[in-house]
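Have a look at the structure below before the remarks.
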Amino acid sequence: MTPQKPSVPKGTRDFSPAEMARRDYIFDTIRQIFRSYGYQPIETPAMENLTTLLGKYGEEGDKLLFRILNSGNYLENITEDIGGTKDLSRLTQAITEKGLRYDLTVPFARYVVQHQHEIAFPFRRYQIQPVWRADRPQKGRYREFFQCDVDVIGSDSLLCEVELAQIADRVFSDLGIGAILRINNRKILEGVAESIGQKERMMDITVAMDKLEKAGLEPVMEELRLSGIPEDAVTKLEPLLRLEGKIKDKFLFLEELLQHSEAGRKGLAETRFVLEYLRKLELHNKFDFDITLARGLNYYTGTIFEVKALGASIGSICGGGRYDDLTGIFGLPGVSGVGISFGADRIFDLMNEQDLFPVQIGTSAQILFLNLGSAEESYSMQVAERFREAGIAAEIFPSAAKLKKQLEYAGRRGIPFAAIIGEEEMSTGMIMLRNMGTGEQREMREEEILFEVGMRKEEAGDNY
């Protein structure tokens, strides 16, 4: 029998040590910025009860949930009427009660309700964990991917939105990614739907609008028609979908359009506050008011964000928004929150494509101690431990192989220095240090090597 060729499920991938070093660079950069703004880490389980997840992401989102079969004989309690049904949703409900989390926001809302008496509000949390979506795999879109979320819950202050925009700006500035932060408000979209006489069809309108950048104007208008939006309403919406220009001109257009919509006027006021604050803060990256930005998730109620990288074909690399009552569905009404999520996998792909990672990333050890035999090995083990205690990552080759093989190993690993300790070095207390980049060798004292390797590490900084 021919052995089965190993593979991973579509939409997932392995990461090599070098790739993990780059991913850790992204995670460490983001984590450090989150902490600098006072956010605290939490984690939630990979799986949640389906009652927690269903109905929070819209009809399309519910279809993308990965469901987990009940443990044991999950067919044991299936009655004949359920087993013979063609109603897939009814059968699914009978054999599965849990699912993999679709995002980190809904589990966070569940966490807040469960732990409300342990939390000091406003609660500022960050969370870096994988999520799963049964989506069609394609470039920049995976079935398993990491999100890096940061949220404030328990405050309706628009300063929270401003701060999250600052965080996004800092993250992409520190990672070297040129980006544009697009901002809109769901209340404005509610006002738009009201102004064209389709207030009850807001979700259909926003789902279609959210595809404008990817699909183009005509396909979006056709989708609106197919969803049942009357032709006269689609015609009224078209000038808005074509709206471009300066922020002040967009406001003038919308002020006239939304003059009879209380929700729309409130959304404009909130958006103006955020944008004017950001203008004062002089961000590193660009920002814009984009009326076509919709963010398809059902739970957003106010400001919404999305970040796109400049000069890249990849989609959104960061997004989020205000949710006024997400905890209400879990029994804690009236607690407003706002958050953004960074798509670590898309950021990773983008930085690889644009060669944005520091050169030194991927070196796990700064010095390799060569193995010349049992006595030298024992001596080197003690020296290597002193290097580690001094903050220098040190590795010892595990067997007394030929020196050429050991040096080739150091070269393949990208380890910048090799330490050679033989009988003579053991008797004198010296160490032969080889610079793997130049091939130069010098006999040095242990403290001199600690200083030199330490200086190299300091010059490289956190990227070493």
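By convention in this document, the chains of the structure tokens carry letters A, B, ... by their order, each chain's residues are numbered from 1, and ligands are numbered from 1 in the order they are shown.
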query = How would you write, as a PyMOL selection string, the set of residues in segment 115-231 of chain A that DSSP gives as helix (DSSP H, G or I)?
reply = chain A and resi 159-174+186-195+199-209+212-215+217-226+231
query = Which residues, written as number ranges by chain, have at least one atom at most 9 Å from Ile396 of chain A, with only C-alpha atoms counted and residues fewer than 5 positions away on the same chain left out?
reply = A: 367-371, 377, 380-381, 384
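Closest approach to Ile153 of chain A among A:Gly315, A:Gly99, A:Gly334, A:Pro45 is made by A:Gly334 (distances from only C-alpha atoms).
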inquiry  = Need the shell around Arg265 of chain A: protein/DNA/RNA residues with any atom at most 9 Å away, counting only C-alpha atoms. Skip same-chain ones fewer than 4 positions apart. Format as a ChimeraX atom specification?
reply    = /A:187-188,191,254-255,258-261,269-270
inquiry  = List as a ChimeraX atom specification the protein and nucleic acid residues near segment 291-293 of chain A, meaning an atom at most 8 Å away when only C-alpha atoms are counted, but skip any in the same chain fewer than 2 places from it.
reply    = /A:182-184,189,209-210,212,240-241,243,289,295,304,306
Show me, as a short mmCIF file (atom, residue, chain, number, x, y, z; two decimals) with C-alpha atoms, in the first residue's frame, the residues that have an atom within 12 Å of segment 444-446 of chain A when counting only C-alpha atoms, minus same-chain residues fewer than 3 positions from it.
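See result.cif below for the written result:
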```cif
data_model
loop_
_atom_site.label_atom_id
_atom_site.label_comp_id
_atom_site.auth_asym_id
_atom_site.auth_seq_id
_atom_site.Cartn_x
_atom_site.Cartn_y
_atom_site.Cartn_z
CA SER A 380 31.55 24.49 26.94
CA GLN A 382 29.24 25.63 31.66
CA VAL A 383 30.48 28.59 29.61
CA ALA A 384 27.32 28.58 27.47
CA ARG A 386 27.03 31.85 31.78
CA PHE A 387 26.36 33.45 28.38
CA ALA A 390 24.12 37.35 30.68
CA ALA A 419 32.99 29.59 19.89
CA ILE A 420 35.81 27.02 19.68
CA ILE A 421 37.12 25.62 22.97
CA GLU A 425 41.67 27.13 25.46
CA MET A 426 40.53 25.17 28.51
CA THR A 428 44.37 29.20 29.35
CA GLY A 429 40.74 30.20 29.98
CA MET A 430 40.55 31.74 26.51
CA ILE A 431 38.00 31.11 23.73
CA MET A 432 38.55 31.12 19.97
CA LEU A 433 35.76 33.26 18.52
CA ARG A 434 34.88 32.91 14.83
CA GLN A 441 38.99 34.10 14.15
CA ILE A 449 33.26 37.91 23.88
CA LEU A 450 30.27 38.68 26.09
CA PHE A 451 30.82 42.37 25.36
CA GLU A 452 31.30 41.94 21.60
CA VAL A 453 28.33 39.61 21.08
CA GLY A 454 26.25 41.79 23.39
#
```
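With distances restricted to only C-alpha atoms, A:Gly331 is the closest residue to Tyr111 of chain A from A:Gly331, A:Gly321, A:Gly245, A:Gly391.
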Nearest candidate to Asp204 of chain A (options A:Leu217, A:Leu158, A:Ala294, A:Val113; using only C-alpha atoms) = A:Ala294
query = If you count only C-alpha atoms, which residues fall within 12 Å of Ala18 of chain A, apart from same-chain ones fewer than 2 positions away, as a list in words?
reply = Asp14, Phe15, Ser16, Met20, Ala21, Arg22, Arg23, Asp24, Tyr25, Asn352, Phe357, Val359, Gln360, Ile361, Gly362, Thr363, Ser364, Arg412, Arg413 and Gly414 of chain A
request  = Please identify which residues in segment 215-332 of chain A DSSP calls strand (DSSP E) from the backbone, and express them as a PyMOL selection string.
outcome  = chain A and resi 286-289+303-309+318-323
Atom-to-atom span, atom CA of Val335 of chain A and atom CA of Gln127 of chain A, Å = 19.4 Å
task = Just the residues within 10 Å of Gln354 of chain A, please, counting only C-alpha atoms, with nothing from its chain fewer than 3 positions along; format it as a list in words.
result =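 Listing them by chain and then by number gives Gly176, Ile177, Gly311, Ala312, Asp349, Leu350, Met351 and Phe357 of chain A.
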Would you mind exporting the chosen residues as an mmCIF file, in the first residue's frame, restricted to N, CA, C and O atoms?
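So result22.cif came out as:
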```
data_model
loop_
_atom_site.group_PDB
_atom_site.id
_atom_site.type_symbol
_atom_site.label_atom_id
_atom_site.label_comp_id
_atom_site.auth_asym_id
_atom_site.auth_seq_id
_atom_site.Cartn_x
_atom_site.Cartn_y
_atom_site.Cartn_z
ATOM 1 N N GLY A 176 6.415 49.514 9.585
ATOM 2 C CA GLY A 176 6.913 50.026 8.314
ATOM 3 C C GLY A 176 5.926 49.924 7.176
ATOM 4 O O GLY A 176 6.309 49.981 5.999
ATOM 5 N N ILE A 177 4.634 49.777 7.494
ATOM 6 C CA ILE A 177 3.597 49.618 6.469
ATOM 7 C C ILE A 177 2.913 50.957 6.215
ATOM 8 O O ILE A 177 2.356 51.560 7.135
ATOM 9 N N GLY A 311 -0.519 50.642 -1.922
ATOM 10 C CA GLY A 311 0.266 49.939 -2.932
ATOM 11 C C GLY A 311 0.203 48.437 -2.847
ATOM 12 O O GLY A 311 1.120 47.745 -3.300
ATOM 13 N N ALA A 312 -0.849 47.889 -2.241
ATOM 14 C CA ALA A 312 -0.984 46.436 -2.093
ATOM 15 C C ALA A 312 -2.360 46.005 -2.570
ATOM 16 O O ALA A 312 -3.354 46.709 -2.378
ATOM 17 N N ASP A 349 1.775 38.272 5.350
ATOM 18 C CA ASP A 349 1.912 38.105 3.901
ATOM 19 C C ASP A 349 2.353 39.407 3.238
ATOM 20 O O ASP A 349 3.217 39.413 2.349
ATOM 21 N N LEU A 350 1.759 40.502 3.670
ATOM 22 C CA LEU A 350 2.084 41.807 3.101
ATOM 23 C C LEU A 350 3.543 42.178 3.363
ATOM 24 O O LEU A 350 4.255 42.632 2.455
ATOM 25 N N MET A 351 4.002 41.973 4.600
ATOM 26 C CA MET A 351 5.378 42.333 4.948
ATOM 27 C C MET A 351 6.376 41.454 4.212
ATOM 28 O O MET A 351 7.468 41.907 3.857
ATOM 29 N N PHE A 357 10.480 43.065 6.710
ATOM 30 C CA PHE A 357 11.018 42.521 7.954
ATOM 31 C C PHE A 357 12.487 42.911 8.116
ATOM 32 O O PHE A 357 13.246 42.913 7.139
#
```
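Counting only C-alpha atoms, the residue from A:Asp135, A:Glu48, A:Glu194, A:Asp324 that sits nearest to Leu237 of chain A is A:Glu194.
When atom CA of Glu60 of chain A is paired with atom CA of Pro219 of chain A, their separation reads 18.1 Å.
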